[in-house]
$ cat model33.tsv   # TSV, C-alpha atoms
chain	number	residue	atom	x	y	z
A	1	MET	CA	109.18	137.03	-22.82
A	2	SER	CA	108.10	140.56	-23.73
A	3	ARG	CA	110.22	142.64	-26.10
A	4	THR	CA	110.83	145.14	-23.28
A	5	VAL	CA	112.17	142.47	-20.94
A	6	GLN	CA	114.30	140.99	-23.73
A	7	ARG	CA	115.74	144.42	-24.53
A	8	ASP	CA	116.51	145.06	-20.86
A	9	ASP	CA	118.25	141.70	-20.60
A	10	ASP	CA	120.32	142.45	-23.70
A	11	LEU	CA	121.38	145.83	-22.30
A	12	ARG	CA	122.33	144.35	-18.93
A	13	ALA	CA	124.25	141.53	-20.61
A	14	ASP	CA	126.19	144.08	-22.67
A	15	ARG	CA	127.04	146.11	-19.57
A	16	VAL	CA	128.19	143.07	-17.62
A	17	ALA	CA	130.33	141.93	-20.56
A	18	ASP	CA	131.89	145.40	-20.82
A	19	THR	CA	132.78	145.39	-17.12
A	20	PHE	CA	134.26	141.91	-17.53
A	21	ARG	CA	136.57	143.23	-20.26
A	22	GLN	CA	137.71	146.05	-18.01
A	23	LEU	CA	138.41	143.67	-15.12
A	24	PHE	CA	139.97	140.70	-16.87
A	25	GLY	CA	140.89	141.84	-20.37
A	26	GLY	CA	139.23	140.25	-23.39
A	27	SER	CA	135.63	139.18	-23.80
A	28	PRO	CA	133.72	136.62	-21.74
A	29	ASP	CA	132.69	133.33	-23.28
A	30	GLY	CA	129.10	134.19	-22.43
A	31	VAL	CA	126.68	135.85	-20.04
A	32	TRP	CA	124.20	133.89	-17.95
A	33	ALA	CA	121.27	134.97	-15.77
A	34	ALA	CA	119.79	133.20	-12.73
A	35	PRO	CA	116.74	134.61	-10.94
A	36	GLY	CA	115.89	135.04	-7.32
A	37	ARG	CA	112.68	133.41	-6.19
A	38	VAL	CA	109.65	134.12	-4.10
A	39	ASN	CA	107.77	131.23	-2.55
A	40	LEU	CA	104.00	131.44	-2.84
A	41	ILE	CA	103.37	128.76	-0.23
A	42	GLY	CA	105.26	125.82	1.25
A	43	GLU	CA	107.76	127.28	3.72
A	44	HIS	CA	110.25	125.12	5.64
A	45	THR	CA	108.80	122.06	3.94
A	46	ASP	CA	111.59	121.23	1.51
A	47	TYR	CA	114.05	119.89	4.09
A	48	ASN	CA	111.17	117.79	5.42
A	49	ASP	CA	110.77	116.09	2.00
A	50	GLY	CA	107.58	118.08	1.49
A	51	PHE	CA	105.96	120.30	-1.09
A	52	ALA	CA	106.43	123.92	-2.14
A	53	LEU	CA	105.16	126.34	-4.77
A	54	PRO	CA	107.86	128.88	-5.65
A	55	MET	CA	108.16	131.13	-8.69
A	56	ALA	CA	111.17	132.83	-10.25
A	57	LEU	CA	111.50	136.60	-10.00
A	58	PRO	CA	112.35	139.07	-12.76
A	59	GLN	CA	115.28	140.15	-10.55
A	60	THR	CA	118.38	138.20	-11.57
A	61	THR	CA	122.07	137.67	-10.97
A	62	LEU	CA	124.04	138.07	-14.17
A	63	LEU	CA	127.35	136.28	-14.65
A	64	ALA	CA	129.93	136.96	-17.34
A	65	ALA	CA	132.35	134.04	-17.47
A	66	ARG	CA	135.39	132.80	-19.34
A	67	THR	CA	137.34	129.59	-18.84
A	68	ARG	CA	141.03	129.57	-17.96
A	69	THR	CA	143.75	126.94	-18.32
A	70	ASP	CA	145.82	127.52	-15.17
A	71	GLY	CA	143.44	126.23	-12.48
A	72	ARG	CA	142.75	129.70	-11.03
A	73	LEU	CA	139.25	130.83	-10.10
A	74	ARG	CA	138.91	134.62	-10.10
A	75	LEU	CA	135.68	136.15	-8.74
A	76	HIS	CA	134.38	139.71	-8.82
A	77	SER	CA	130.99	141.19	-7.90
A	78	ALA	CA	129.62	144.61	-8.77
A	79	GLN	CA	128.01	144.52	-5.32
A	80	GLY	CA	131.26	143.57	-3.58
A	81	ASP	CA	134.15	145.59	-2.22
A	82	GLY	CA	135.82	146.10	-5.59
A	83	ARG	CA	138.45	143.40	-5.09
A	84	ILE	CA	138.99	140.29	-7.19
A	85	THR	CA	139.04	137.07	-5.16
A	86	ASP	CA	141.73	134.77	-6.60
A	87	LEU	CA	141.56	131.08	-5.66
A	88	ALA	CA	143.11	127.78	-6.73
A	89	VAL	CA	140.43	125.33	-7.83
A	90	ASP	CA	142.30	122.32	-6.48
A	91	ALA	CA	142.66	124.00	-3.07
A	92	LEU	CA	138.94	124.66	-2.53
A	93	VAL	CA	137.72	123.14	0.74
A	94	PRO	CA	134.53	123.76	2.75
A	95	GLY	CA	134.66	126.82	4.99
A	96	ALA	CA	137.80	128.25	3.39
A	97	VAL	CA	136.17	131.04	1.35
A	98	PRO	CA	134.36	133.64	3.48
A	99	GLY	CA	131.62	136.02	2.43
A	100	TRP	CA	129.71	136.11	-0.84
A	101	ALA	CA	132.52	134.41	-2.80
A	102	GLY	CA	131.90	131.16	-0.92
A	103	TYR	CA	128.67	130.56	-2.83
A	104	PRO	CA	130.09	130.55	-6.38
A	105	ALA	CA	133.33	128.90	-5.24
A	106	GLY	CA	131.23	126.22	-3.53
A	107	VAL	CA	129.53	125.35	-6.80
A	108	VAL	CA	132.88	124.80	-8.52
A	109	TRP	CA	133.96	122.65	-5.56
A	110	ALA	CA	130.70	120.66	-5.66
A	111	LEU	CA	131.02	120.03	-9.40
A	112	ALA	CA	134.58	118.81	-8.97
A	113	GLU	CA	133.61	116.67	-5.98
A	114	ALA	CA	130.89	115.05	-8.12
A	115	GLY	CA	133.53	114.04	-10.65
A	116	HIS	CA	132.97	116.68	-13.32
A	117	PRO	CA	136.12	117.95	-15.10
A	118	VAL	CA	135.95	121.63	-14.14
A	119	GLY	CA	139.45	122.19	-12.81
A	120	ARG	CA	140.83	124.41	-15.56
A	121	GLY	CA	139.62	127.54	-13.77
A	122	ALA	CA	137.57	130.56	-14.81
A	123	ASP	CA	137.13	134.31	-14.55
A	124	LEU	CA	133.68	135.23	-13.20
A	125	HIS	CA	132.06	138.67	-12.87
A	126	PHE	CA	128.65	139.02	-11.20
A	127	ASP	CA	126.08	141.81	-11.17
A	128	SER	CA	122.78	141.28	-9.36
A	129	THR	CA	119.43	142.98	-8.96
A	130	VAL	CA	118.21	140.36	-6.44
A	131	PRO	CA	117.93	142.10	-3.03
A	132	THR	CA	120.25	140.53	-0.47
A	133	GLY	CA	118.99	139.51	2.95
A	134	ALA	CA	115.38	139.88	1.81
A	135	GLY	CA	114.44	136.20	1.76
A	136	LEU	CA	114.43	136.18	-2.05
A	137	SER	CA	117.28	133.69	-2.50
A	138	SER	CA	120.10	135.94	-3.64
A	139	SER	CA	122.50	133.17	-2.62
A	140	ALA	CA	120.75	130.58	-4.79
A	141	ALA	CA	120.84	133.00	-7.73
A	142	LEU	CA	124.63	133.28	-7.31
A	143	GLU	CA	125.01	129.51	-7.12
A	144	CYS	CA	122.71	128.71	-10.01
A	145	ALA	CA	124.28	131.29	-12.31
A	146	VAL	CA	127.59	129.45	-11.85
A	147	ALA	CA	125.97	126.03	-12.22
A	148	VAL	CA	124.31	126.79	-15.57
A	149	ALA	CA	127.37	128.66	-16.86
A	150	TYR	CA	129.69	125.75	-16.04
A	151	ASP	CA	127.19	123.33	-17.54
A	152	ASP	CA	127.44	125.21	-20.84
A	153	LEU	CA	131.15	126.07	-20.70
A	154	TYR	CA	132.24	122.51	-19.89
A	155	GLY	CA	129.55	120.72	-21.91
A	156	LEU	CA	128.27	118.80	-18.88
A	157	ARG	CA	124.67	118.52	-20.18
A	158	LEU	CA	123.21	118.11	-16.69
A	159	ALA	CA	119.44	118.25	-16.20
A	160	GLY	CA	117.94	121.10	-14.18
A	161	PRO	CA	117.41	119.09	-10.97
A	162	GLU	CA	121.01	117.85	-11.13
A	163	LEU	CA	122.28	121.43	-11.34
A	164	ALA	CA	120.00	122.38	-8.45
A	165	ARG	CA	121.45	119.56	-6.33
A	166	ILE	CA	124.98	120.74	-7.10
A	167	ALA	CA	124.06	124.28	-6.02
A	168	GLN	CA	122.35	123.00	-2.88
A	169	ARG	CA	125.42	120.89	-2.07
A	170	ALA	CA	127.54	124.02	-2.34
A	171	GLU	CA	125.38	125.88	0.16
A	172	ASN	CA	125.03	122.91	2.56
A	173	ALA	CA	128.56	121.55	2.62
A	174	PHE	CA	130.79	124.38	1.43
A	175	VAL	CA	129.09	127.45	2.94
A	176	GLY	CA	127.49	125.62	5.87
A	177	VAL	CA	123.80	126.52	5.51
A	178	PRO	CA	121.58	123.39	5.78
A	179	CYS	CA	118.96	124.62	3.29
A	180	GLY	CA	116.59	122.42	1.34
A	181	ILE	CA	116.50	122.32	-2.44
A	182	MET	CA	113.56	124.64	-3.14
A	183	ASP	CA	115.54	127.82	-3.80
A	184	GLN	CA	117.90	126.20	-6.28
A	185	MET	CA	115.11	124.31	-8.06
A	186	ALA	CA	113.15	127.53	-8.48
A	187	SER	CA	116.16	129.41	-9.84
A	188	VAL	CA	117.00	126.71	-12.39
A	189	CYS	CA	113.68	125.11	-13.32
A	190	CYS	CA	110.93	127.74	-13.17
A	191	THR	CA	109.14	128.92	-16.30
A	192	ALA	CA	107.46	132.22	-17.13
A	193	GLU	CA	103.78	132.67	-16.17
A	194	ALA	CA	103.92	129.66	-13.88
A	195	ALA	CA	104.82	128.58	-10.38
A	196	LEU	CA	106.79	125.38	-9.76
A	197	HIS	CA	105.04	122.54	-7.92
A	198	LEU	CA	108.00	120.98	-6.16
A	199	ASP	CA	108.14	117.61	-4.45
A	200	ALA	CA	111.38	117.91	-2.49
A	201	ARG	CA	111.65	114.14	-2.13
A	202	SER	CA	111.58	113.74	-5.92
A	203	PRO	CA	112.65	117.05	-7.49
A	204	GLU	CA	112.76	115.43	-10.93
A	205	HIS	CA	108.97	115.21	-10.79
A	206	HIS	CA	108.42	118.97	-10.55
A	207	ARG	CA	105.57	120.43	-12.57
A	208	PRO	CA	104.69	123.94	-13.72
A	209	VAL	CA	101.40	125.32	-12.41
A	210	PRO	CA	99.80	128.17	-14.38
A	211	PHE	CA	100.10	131.41	-12.40
A	212	ASP	CA	99.46	134.66	-14.23
A	213	PRO	CA	98.10	137.18	-11.74
A	214	HIS	CA	98.14	140.01	-14.29
A	215	GLY	CA	95.97	137.95	-16.63
A	216	HIS	CA	93.41	137.54	-13.83
A	217	GLY	CA	93.23	141.19	-12.84
A	218	LEU	CA	95.54	140.72	-9.85
A	219	ARG	CA	98.99	141.78	-8.77
A	220	LEU	CA	101.59	140.07	-6.57
A	221	LEU	CA	103.55	142.52	-4.43
A	222	VAL	CA	106.84	141.67	-2.75
A	223	ILE	CA	107.37	143.88	0.29
A	224	ASP	CA	111.01	143.93	1.38
A	225	THR	CA	110.89	144.93	5.04
A	226	GLY	CA	114.57	145.84	5.10
A	227	VAL	CA	115.19	143.47	8.01
A	228	THR	CA	118.10	141.35	6.87
A	229	HIS	CA	118.40	137.72	7.81
A	230	ASP	CA	121.30	135.31	7.96
A	231	LEU	CA	120.35	131.66	7.66
A	232	GLY	CA	123.86	130.69	8.69
A	233	ASP	CA	123.48	132.03	12.23
A	234	GLY	CA	122.20	128.74	13.68
A	235	ALA	CA	118.46	129.41	13.98
A	236	TYR	CA	117.66	127.74	10.67
A	237	ALA	CA	119.80	124.73	11.53
A	238	ALA	CA	118.06	124.40	14.90
A	239	LEU	CA	114.64	124.32	13.22
A	240	ARG	CA	115.74	121.65	10.79
A	241	ALA	CA	117.25	119.58	13.59
A	242	GLY	CA	114.00	119.88	15.55
A	243	CYS	CA	111.99	118.60	12.59
A	244	GLU	CA	114.35	115.69	12.07
A	245	ARG	CA	114.15	114.78	15.75
A	246	ALA	CA	110.35	114.89	15.66
A	247	ALA	CA	110.24	112.64	12.61
A	248	ALA	CA	112.53	110.15	14.34
A	249	LEU	CA	110.35	110.15	17.48
A	250	LEU	CA	107.31	109.47	15.29
A	251	GLY	CA	109.12	106.65	13.47
A	252	LEU	CA	108.89	108.44	10.11
A	253	PRO	CA	111.48	109.02	7.38
A	254	ALA	CA	110.43	112.69	7.32
A	255	LEU	CA	107.53	114.86	8.49
A	256	ARG	CA	106.15	114.74	4.96
A	257	ASP	CA	105.05	111.18	5.81
A	258	LEU	CA	102.65	112.23	8.59
A	259	PRO	CA	99.10	112.52	7.19
A	260	ALA	CA	97.13	115.55	8.35
A	261	ALA	CA	94.41	113.27	9.72
A	262	GLN	CA	96.91	111.79	12.21
A	263	LEU	CA	98.03	115.14	13.64
A	264	PRO	CA	95.65	115.08	16.65
A	265	ARG	CA	97.00	111.71	17.71
A	266	ALA	CA	100.67	112.45	16.97
A	267	LEU	CA	101.12	115.89	18.53
A	268	PRO	CA	100.49	114.90	22.19
A	269	THR	CA	103.25	112.30	21.96
A	270	LEU	CA	105.90	114.91	21.15
A	271	PRO	CA	107.89	117.27	23.38
A	272	ALA	CA	106.17	120.64	23.72
A	273	GLY	CA	108.84	122.41	21.69
A	274	LEU	CA	108.54	120.07	18.71
A	275	ALA	CA	104.77	119.75	18.36
A	276	PRO	CA	104.28	123.23	16.82
A	277	LEU	CA	106.99	122.56	14.24
A	278	VAL	CA	105.25	119.37	13.19
A	279	ARG	CA	101.87	121.08	13.02
A	280	HIS	CA	103.26	123.77	10.74
A	281	VAL	CA	104.98	121.38	8.33
A	282	VAL	CA	101.99	119.07	7.98
A	283	THR	CA	99.43	121.85	7.53
A	284	GLU	CA	101.76	123.76	5.20
A	285	ASN	CA	102.02	120.74	2.90
A	286	ALA	CA	98.23	120.65	2.82
A	287	ARG	CA	98.15	124.35	1.91
A	288	VAL	CA	100.47	123.70	-1.04
A	289	THR	CA	98.16	120.96	-2.30
A	290	GLU	CA	95.14	123.26	-1.97
A	291	ALA	CA	96.92	126.14	-3.71
A	292	VAL	CA	97.90	123.96	-6.66
A	293	ALA	CA	94.32	122.75	-7.03
A	294	ARG	CA	92.92	126.30	-6.98
A	295	LEU	CA	95.47	127.56	-9.53
A	296	ARG	CA	94.82	124.66	-11.89
A	297	GLU	CA	91.14	125.57	-11.72
A	298	GLY	CA	92.04	129.14	-12.70
A	299	ASP	CA	90.88	130.59	-9.36
A	300	VAL	CA	93.95	132.72	-8.65
A	301	ALA	CA	92.12	134.91	-6.12
A	302	ALA	CA	91.54	131.83	-3.93
A	303	LEU	CA	95.27	131.85	-3.23
A	304	GLY	CA	94.77	134.86	-0.93
A	305	PRO	CA	93.33	133.12	2.17
A	306	ILE	CA	95.87	130.32	1.77
A	307	LEU	CA	98.70	132.86	2.01
A	308	THR	CA	97.23	134.42	5.15
A	309	ALA	CA	96.78	131.04	6.83
A	310	GLY	CA	100.38	130.21	5.99
A	311	HIS	CA	101.59	133.38	7.69
A	312	ALA	CA	99.67	132.61	10.87
A	313	SER	CA	101.31	129.18	10.98
A	314	LEU	CA	104.80	130.60	10.44
A	315	ARG	CA	104.19	133.25	13.10
A	316	ASP	CA	102.52	131.15	15.77
A	317	ASP	CA	103.85	127.61	15.25
A	318	TYR	CA	107.21	127.97	13.53
A	319	ARG	CA	107.96	131.33	15.14
A	320	VAL	CA	110.13	132.66	12.32
A	321	SER	CA	108.28	135.91	11.75
A	322	CYS	CA	109.25	139.26	13.28
A	323	PRO	CA	107.44	142.51	14.17
A	324	GLU	CA	108.18	144.07	10.77
A	325	THR	CA	106.85	141.15	8.72
A	326	ASP	CA	103.79	140.87	10.97
A	327	LEU	CA	103.15	144.59	10.55
A	328	ALA	CA	103.46	144.39	6.76
A	329	VAL	CA	100.94	141.53	6.63
A	330	THR	CA	98.48	143.32	8.93
A	331	ALA	CA	98.73	146.60	7.03
A	332	ALA	CA	98.36	144.92	3.62
A	333	LEU	CA	95.29	142.97	4.72
A	334	GLY	CA	93.81	146.09	6.31
A	335	ALA	CA	94.17	147.91	2.99
A	336	GLY	CA	92.27	145.23	1.11
A	337	ALA	CA	94.88	142.67	0.06
A	338	LEU	CA	93.31	139.29	-0.72
A	339	GLY	CA	96.04	137.58	1.27
A	340	ALA	CA	99.55	138.16	2.60
A	341	ARG	CA	102.34	136.27	4.32
A	342	MET	CA	106.03	136.36	5.06
A	343	THR	CA	108.08	134.44	2.52
A	344	GLY	CA	111.49	132.82	2.73
A	345	GLY	CA	113.34	131.39	5.68
A	346	GLY	CA	112.13	134.06	8.08
A	347	PHE	CA	113.79	136.16	10.79
A	348	GLY	CA	113.11	139.20	8.60
A	349	GLY	CA	113.08	139.40	4.84
A	350	SER	CA	110.02	139.93	2.68
A	351	VAL	CA	106.24	139.64	2.65
A	352	ILE	CA	104.10	138.84	-0.39
A	353	ALA	CA	100.62	140.26	-0.87
A	354	LEU	CA	98.05	139.29	-3.50
A	355	VAL	CA	95.97	142.35	-4.44
A	356	GLU	CA	93.40	143.35	-7.00
A	357	ALA	CA	94.79	145.33	-9.92
A	358	GLY	CA	94.49	149.03	-9.18
A	359	ARG	CA	94.93	148.60	-5.44
A	360	GLU	CA	98.71	148.23	-5.51
A	361	GLY	CA	99.19	151.87	-4.60
A	362	THR	CA	96.72	151.74	-1.74
A	363	VAL	CA	98.26	148.62	-0.24
A	364	GLY	CA	101.78	149.90	-0.71
A	365	ALA	CA	100.93	153.25	0.88
A	366	SER	CA	99.26	151.54	3.83
A	367	VAL	CA	102.32	149.40	4.54
A	368	THR	CA	104.69	152.35	4.13
A	369	THR	CA	102.61	154.51	6.48
A	370	ALA	CA	102.44	151.75	9.06
A	371	PHE	CA	106.21	151.36	8.93
A	372	GLY	CA	106.73	155.09	9.35
A	373	THR	CA	104.38	155.23	12.32
A	374	ALA	CA	106.25	152.35	13.96
A	375	GLY	CA	109.59	154.05	13.39
A	376	HIS	CA	110.82	151.61	10.73
A	377	ARG	CA	112.55	152.67	7.56
A	378	PRO	CA	110.35	152.59	4.44
A	379	PRO	CA	109.93	149.15	2.85
A	380	ARG	CA	110.85	148.44	-0.75
A	381	ILE	CA	107.81	147.28	-2.73
A	382	LEU	CA	108.05	145.35	-6.00
A	383	ASP	CA	105.24	144.37	-8.37
A	384	VAL	CA	106.39	141.00	-9.74
A	385	ALA	CA	105.27	138.36	-12.20
A	386	PRO	CA	106.56	134.79	-12.65
A	387	ALA	CA	109.76	134.74	-14.71
A	388	ALA	CA	111.88	132.09	-16.40
A	389	GLY	CA	114.68	130.15	-14.75
A	390	ALA	CA	118.43	130.34	-15.28
A	391	ALA	CA	119.75	130.50	-18.84
A	392	ARG	CA	122.42	131.94	-21.08
A	393	ILE	CA	121.37	135.38	-22.30
A	394	GLY	CA	124.35	136.56	-24.31
A	395	PRO	CA	126.20	137.23	-26.38
A	396	ARG	CA	124.28	135.51	-29.18
A	397	ALA	CA	122.72	133.02	-26.78
A	398	PRO	CA	122.20	129.60	-28.38
A	399	THR	CA	118.98	127.67	-28.01
A	400	SER	CA	119.19	125.82	-24.69
A	401	THR	CA	119.21	122.03	-24.76
A	402	ARG	CA	119.11	121.69	-20.99
A	403	ARG	CA	116.41	119.40	-19.63
A	404	LEU	CA	114.36	121.05	-16.86
$ encode --input "model33.tsv" --output "C-alpha cells"
Amino acid sequence: MSRTVQRDDDLRADRVADTFRQLFGGSPDGVWAAPGRVNLIGEHTDYNDGFALPMALPQTTLLAARTRTDGRLRLHSAQGDGRITDLAVDALVPGAVPGWAGYPAGVVWALAEAGHPVGRGADLHFDSTVPTGAGLSSSAALECAVAVAYDDLYGLRLAGPELARIAQRAENAFVGVPCGIMDQMASVCCTAEAALHLDARSPEHHRPVPFDPHGHGLRLLVIDTGVTHDLGDGAYAALRAGCERAAALLGLPALRDLPAAQLPRALPTLPAGLAPLVRHVVTENARVTEAVARLREGDVAALGPILTAGHASLRDDYRVSCPETDLAVTAALGAGALGARMTGGGFGGSVIALVEAGREGTVGASVTTAFGTAGHRPPRILDVAPAAGAARIGPRAPTSTRRL
C-alpha cells in the first residue's frame, strides 16, 4: 500500500470515528474498511458453480463500530436519510428491515443463525465511497464490513471464505437477492496488485492472479453509466432460475459441469429461451480460464479481446446489457481501448475498459461525447487499480490474523 493511500485511509478512519462519537457518544471500538469490486471476466457464472476473476476496488465502505450489552443494533449511514435505525437483535427476521439497513442487519442475523454469539448488540456507522447502483457491489461492501468487524469484535476467527458465505447468506435469505458468492469473496479475500481466481463451487480454493495494469503501461477504467440497477426486482432471479432449469434438463449438477466441447450437442436439446443462457455460462467460464493463463504469462494486454468477447456474450446471449452500456463499450473501443465490457449483474451499471497509459483522456472524452450526443447524462469515469480486501484500518489497527 502506498503512503498516500495509507494516509488517505487514516484520515477517512479519523473522520468516521469522529462522526461516530457525535452520533452515539464515546469512541468506536475500531474502524473497518471493505471494498467494492469490479469483475474482470466471469459474469453470472458464480451461481452456476463456475469461475470468475474479480478484483477489489480502492473505493470502500468504512464502518465504525462498538459493541453494546443490551441486544440493540443501531445503524447509521452517512449516505442515508440522517436517521438512526434501531433494531433488536433477537427480533431480526428475513424481510423485516427495508432499504440499505437490511444488508448489515442481515449479516448480524446470519451470524446468529450460524450459531455465533453476537447477540449483545452494536452501534454501527457507515460511510462509503463505493458508487451505489453501478454494478460495483456496494451491497457486498456493506455486508463484508460488518462481517469482518464482528469477526474481530467477537473474536470469531472465521476464515475469509466463511465470512463471505455469511455475507452472501445475508443477501440471499435476509434481503432476498439470490446472488452468488463472487462479490463477497472479492470484498473479503482480494489482495493488492492481483485479481482473485474464484471457483464458486470451492471458494476456499481461490488463488490470487498477478494483475498490475500500471506496471505494464496500461490503465483500467471503470465507466459508471449512471443507469442504476436493482438486482432484487426479479430479473436476476429469473436468470438464475433459467440456468438451474437448464442444468436439470441436461442432467447436470450445474452448468459449470457442461464442457465447452459438448455445447453443439447440448444446445439443440434445450428450450429456445434457455440455450443462450447456457452458451453464455459455458463460454464465459472458458474466457476466465483463458484470462488467468494470459495474466500468469504476464500478457496483460491480451485481456482486452477477452473483455470484448465477454460483452458480446452478455449482450446477445444473456441479454443483460442496455443501450448505455453498449454505447460506452462501442465508444471506448472506437477510441482505441484494447477491450471493454459491461461488468456486474447488468441492467445498467458500469463498463470496464483496458487502455494504454496516456489514452485514458481520449477514451474518457470519447465516451462522454457519445453520451452527450445520445442525450444521456455524463458518465463517471474512474481509473482504478487492484486493492486489498476488507480489514481493520483504525484506530491503531492490529496485525490481522484472519485466514484468506
$ closest_residue --input "model33.tsv" --among "A:Asp326, A:Gly394, A:Asn39, A:Ala331" --to "A:Ala370" --atoms "only C-alpha atoms"
A:Ala331
$ atom_distance --input "model33.tsv" --atom1 "atom CA of A:Gly304" --atom2 "atom CA of A:Ala340"
6.8 Å
$ residues_around --input "model33.tsv" --residues "stretch 373-375 of chain A" --least-positions-apart "5" --cutoff "10 Å" --atoms "all atoms listed in the file" --output "PDB file with C-alpha atoms, in the frame of the given file"
ATOM      1  CA  PRO A 323     107.440 142.510  14.170  1.00  0.00           C
ATOM      2  CA  GLU A 324     108.180 144.070  10.770  1.00  0.00           C
ATOM      3  CA  LEU A 327     103.150 144.590  10.550  1.00  0.00           C
ATOM      4  CA  VAL A 367     102.320 149.400   4.540  1.00  0.00           C
ATOM      5  CA  THR A 368     104.690 152.350   4.130  1.00  0.00           C
TER       6      THR A 368
END
$ closest_residue --input "model33.tsv" --among "A:Leu23, A:Leu53, A:Val209, A:Leu239" --to "A:Leu277" --atoms "all atoms listed in the file"
A:Leu239
$ closest_residue --input "model33.tsv" --among "A:Pro264, A:Ile352, A:Ala272, A:His216" --to "A:Ala246" --atoms "all atoms listed in the file"
A:Ala272
$ residues_near_point --input "model33.tsv" --point "(98.4, 151.0, -8.8)" --cutoff "12 Å" --atoms "all atoms listed in the file" --output "CSV table (one decimal) with C-alpha atoms, in the coordinates of the input"
chain,number,residue,atom,x,y,z
A,217,GLY,CA,93.2,141.2,-12.8
A,218,LEU,CA,95.5,140.7,-9.8
A,219,ARG,CA,99.0,141.8,-8.8
A,220,LEU,CA,101.6,140.1,-6.6
A,221,LEU,CA,103.6,142.5,-4.4
A,355,VAL,CA,96.0,142.4,-4.4
A,356,GLU,CA,93.4,143.4,-7.0
A,357,ALA,CA,94.8,145.3,-9.9
A,358,GLY,CA,94.5,149.0,-9.2
A,359,ARG,CA,94.9,148.6,-5.4
A,360,GLU,CA,98.7,148.2,-5.5
A,361,GLY,CA,99.2,151.9,-4.6
A,362,THR,CA,96.7,151.7,-1.7
A,363,VAL,CA,98.3,148.6,-0.2
A,364,GLY,CA,101.8,149.9,-0.7
A,365,ALA,CA,100.9,153.2,0.9
A,381,ILE,CA,107.8,147.3,-2.7
A,382,LEU,CA,108.0,145.4,-6.0
A,383,ASP,CA,105.2,144.4,-8.4
$ residues_around --input "model33.tsv" --residues "A:Asp316" --least-positions-apart "3" --cutoff "10 Å" --atoms "all atoms listed in the file" --output "MDAnalysis selection string"
chainID A and resid 276:277 280 311:313 319:321
$ residues_around --input "model33.tsv" --residues "A:Leu57" --least-positions-apart "3" --cutoff "7 Å" --atoms "all atoms listed in the file" --output "PyMOL selection string"
chain A and resi 35-38+384-387
$ closest_residue --input "model33.tsv" --among "A:Cys189, A:Ala200, A:Leu314, A:Val146" --to "A:Ala56" --atoms "all atoms listed in the file"
A:Cys189
$ residues_around --input "model33.tsv" --residues "stretch 289-292 of chain A" --least-positions-apart "5" --cutoff "8 Å" --atoms "only C-alpha atoms" --output "number ranges by chain"
A: 41, 51, 53, 197, 209, 302-303, 306
$ write_last_selection --input "model33.tsv" --atoms "C-alpha atoms" --output "tab-separated table (two decimals), in the frame of the given file"
chain	number	residue	atom	x	y	z
A	41	ILE	CA	103.37	128.76	-0.23
A	51	PHE	CA	105.96	120.30	-1.09
A	53	LEU	CA	105.16	126.34	-4.77
A	197	HIS	CA	105.04	122.54	-7.92
A	209	VAL	CA	101.40	125.32	-12.41
A	302	ALA	CA	91.54	131.83	-3.93
A	303	LEU	CA	95.27	131.85	-3.23
A	306	ILE	CA	95.87	130.32	1.77
$ atom_distance --input "model33.tsv" --atom1 "atom CA of A:Leu11" --atom2 "atom CA of A:Ala390"
17.3 Å
